[in-house]
Amino acid sequence: MVQHTDTGPVADTTELLTALTQLGLLTRPFTPEELADEEKNAGGAELLRLRMAHALAGLAEMQVMHAAVAAGEAGHEGTARILAGDYLYEGANLEHADGGAQTALLYLLAQRLNDLLTSRTAAIRRGDDIVLPRLVMPAWGIAASLSTVLDLAAKDPDHSVQAQKLRETASQLHGMAEVLEEFADRHENAARDH
C-alpha cells in the first residue's frame with residue numbers, strides 16, 4: 001500500500017514493479033520467488049526498491065523525451081516546452097513549495113546525474129567493455145560542480161562555508177575547462193589532418 005508523506009506518495013518495491021509492468025517495461029509482475037531472488041541479487045530489499053525507482057525514473061525520462069519531440073513536431077515553441085517542465089514540481093508534490101524545497105529537488109536531480117556519470121566514469125577507468133564518449137569524464141566533473149552549487153543553494157550554509165565551497169568548485173571548473181580545451185585541440189588537429 002502506498003504510504004503518503006509531506007512530499008507525496010512513497011511506493012514500495014511491489015508498487016514500483018506494478019508501475020513498471022503497467023507501463024510496459026516489464027512483461028509481467030515478479031512472482032514471490034522471483035522477487036526474493038531479485039532482492040538477494042540486489043543486496044537487499046531496499047536496494048532492489050532503489051533500483052526499481054531508478055528504472056521507473058529512466059522510463060519517465062524517456063517519456064519526457066518522446067513527449068518533447070512530439071510537442072516540437074506539433075509546432076510548439078521552445079518556451080512552451082520548457083514551461084511544461086514545471087510539472088516536475090507537481091509530480092514531486094512541490095508545486096506550492098517555497099524556492100528552497102524546489103532547489104532541493106534540483107539538487108537531488110543534479111546529484112542523480114552526478115552519480116550516474118560517476119558510475120560511467122568508473123566503468124571507463126576499470127576498462128569495462130562499454131563504449132562511452134570520452135567527454136563523459138569531464139561532464140562528470142561539471143555535474144559534480146553543479147550538484148555542489150545547488151546543494152549550497154538548498155542548504156544556505158554560513159558565508160565562510162559557502163565561500164570555501166564556491167572557491168573549490170571554481171577551481172574544479174577551471175580544471176574541467178582546461179580538460180575541455182585539450183579535447184577541443186585534439187579534435188581541431190584531427191579535423192586538419194583529414
# chains A, B, ... in the order shown; residues from 1 in each chain; ligands from 1
call {"tool": "residues_around", "arguments": {"residues": "Asn114 (chain A)", "least_positions_apart": "5", "cutoff": "8 Å", "atoms": "only C-alpha atoms", "output": "tab-separated table (two decimals) with N, CA and C atoms, in the first residue's frame"}}
result
chain	number	residue	atom	x	y	z
A	140	TRP	N	31.35	14.58	-15.99
A	140	TRP	CA	31.20	14.15	-14.61
A	140	TRP	C	31.66	15.25	-13.65
A	143	ALA	N	29.12	18.01	-13.66
A	143	ALA	CA	27.92	17.61	-12.91
A	143	ALA	C	28.17	17.67	-11.41
A	144	ALA	N	29.36	17.27	-10.98
A	144	ALA	CA	29.70	17.33	-9.55
A	144	ALA	C	29.67	18.78	-9.07
A	147	SER	N	26.08	19.96	-8.80
A	147	SER	CA	25.49	19.39	-7.59
A	147	SER	C	25.93	20.16	-6.35
call {"tool": "residues_around", "arguments": {"residues": "region 65-67 of chain A", "least_positions_apart": "5", "cutoff": "12 Å", "atoms": "only C-alpha atoms", "output": "ChimeraX atom specification"}}
result
/A:58-60,72-74,76,81-82,84-85
call {"tool": "select_by_dssp", "arguments": {"residues": "chain A", "states": "strand (DSSP E or B)", "output": "VMD selection string"}}
result
chain A and resid 3 to 5 8 to 10
call {"tool": "select_by_dssp", "arguments": {"residues": "region 18-193 of chain A", "states": "alpha helix (DSSP H)", "output": "PyMOL selection string"}}
result
chain A and resi 18-22+32-42+45-73+78-84+87-91+99-126+136-155+159-193
call {"tool": "residues_around", "arguments": {"residues": "Asp151 (chain A)", "least_positions_apart": "3", "cutoff": "10 Å", "atoms": "only C-alpha atoms", "output": "PDB file with N, CA and C atoms, in the first residue's frame"}}
result
ATOM      1  N   THR A 103      14.553  24.055  -4.918  1.00  0.00           N
ATOM      2  CA  THR A 103      16.000  23.996  -5.150  1.00  0.00           C
ATOM      3  C   THR A 103      16.567  22.675  -4.638  1.00  0.00           C
ATOM      4  N   ALA A 104      16.033  22.187  -3.531  1.00  0.00           N
ATOM      5  CA  ALA A 104      16.480  20.893  -3.008  1.00  0.00           C
ATOM      6  C   ALA A 104      16.183  19.779  -4.019  1.00  0.00           C
ATOM      7  N   LEU A 105      15.029  19.862  -4.702  1.00  0.00           N
ATOM      8  CA  LEU A 105      14.721  18.873  -5.739  1.00  0.00           C
ATOM      9  C   LEU A 105      15.724  18.985  -6.888  1.00  0.00           C
ATOM     10  N   LEU A 106      16.045  20.206  -7.287  1.00  0.00           N
ATOM     11  CA  LEU A 106      17.047  20.390  -8.347  1.00  0.00           C
ATOM     12  C   LEU A 106      18.394  19.814  -7.927  1.00  0.00           C
ATOM     13  N   TYR A 107      18.752  19.999  -6.650  1.00  0.00           N
ATOM     14  CA  TYR A 107      19.981  19.402  -6.140  1.00  0.00           C
ATOM     15  C   TYR A 107      19.926  17.878  -6.253  1.00  0.00           C
ATOM     16  N   LEU A 108      18.792  17.278  -5.868  1.00  0.00           N
ATOM     17  CA  LEU A 108      18.669  15.818  -5.950  1.00  0.00           C
ATOM     18  C   LEU A 108      18.807  15.329  -7.387  1.00  0.00           C
ATOM     19  N   ALA A 110      20.467  16.912  -9.807  1.00  0.00           N
ATOM     20  CA  ALA A 110      21.882  17.088 -10.167  1.00  0.00           C
ATOM     21  C   ALA A 110      22.736  15.994  -9.535  1.00  0.00           C
ATOM     22  N   GLN A 111      22.412  15.623  -8.297  1.00  0.00           N
ATOM     23  CA  GLN A 111      23.167  14.565  -7.631  1.00  0.00           C
ATOM     24  C   GLN A 111      22.955  13.230  -8.338  1.00  0.00           C
ATOM     25  N   SER A 145      30.184  19.685  -9.898  1.00  0.00           N
ATOM     26  CA  SER A 145      30.179  21.105  -9.538  1.00  0.00           C
ATOM     27  C   SER A 145      28.749  21.646  -9.470  1.00  0.00           C
ATOM     28  N   LEU A 146      27.927  21.265 -10.429  1.00  0.00           N
ATOM     29  CA  LEU A 146      26.522  21.679 -10.420  1.00  0.00           C
ATOM     30  C   LEU A 146      25.836  21.198  -9.147  1.00  0.00           C
ATOM     31  N   SER A 147      26.081  19.957  -8.796  1.00  0.00           N
ATOM     32  CA  SER A 147      25.489  19.385  -7.590  1.00  0.00           C
ATOM     33  C   SER A 147      25.929  20.162  -6.349  1.00  0.00           C
ATOM     34  N   THR A 148      27.210  20.501  -6.270  1.00  0.00           N
ATOM     35  CA  THR A 148      27.726  21.249  -5.122  1.00  0.00           C
ATOM     36  C   THR A 148      27.063  22.613  -5.005  1.00  0.00           C
ATOM     37  N   ALA A 154      20.442  25.107  -1.704  1.00  0.00           N
ATOM     38  CA  ALA A 154      19.342  24.492  -0.966  1.00  0.00           C
ATOM     39  C   ALA A 154      19.547  24.587   0.546  1.00  0.00           C
ATOM     40  N   LYS A 155      20.786  24.433   0.985  1.00  0.00           N
ATOM     41  CA  LYS A 155      21.058  24.401   2.430  1.00  0.00           C
ATOM     42  C   LYS A 155      21.388  25.771   3.002  1.00  0.00           C
ATOM     43  N   ASP A 156      21.905  26.674   2.162  1.00  0.00           N
ATOM     44  CA  ASP A 156      22.254  28.030   2.582  1.00  0.00           C
ATOM     45  C   ASP A 156      23.107  28.032   3.853  1.00  0.00           C
ATOM     46  N   PRO A 157      24.328  27.426   3.788  1.00  0.00           N
ATOM     47  CA  PRO A 157      25.201  27.425   4.970  1.00  0.00           C
ATOM     48  C   PRO A 157      25.769  28.829   5.222  1.00  0.00           C
TER      49      PRO A 157
END
call {"tool": "atom_distance", "arguments": {"atom1": "CA of Val179 (chain A)", "atom2": "CA of Gly141 (chain A)"}}
result
10.2 Å
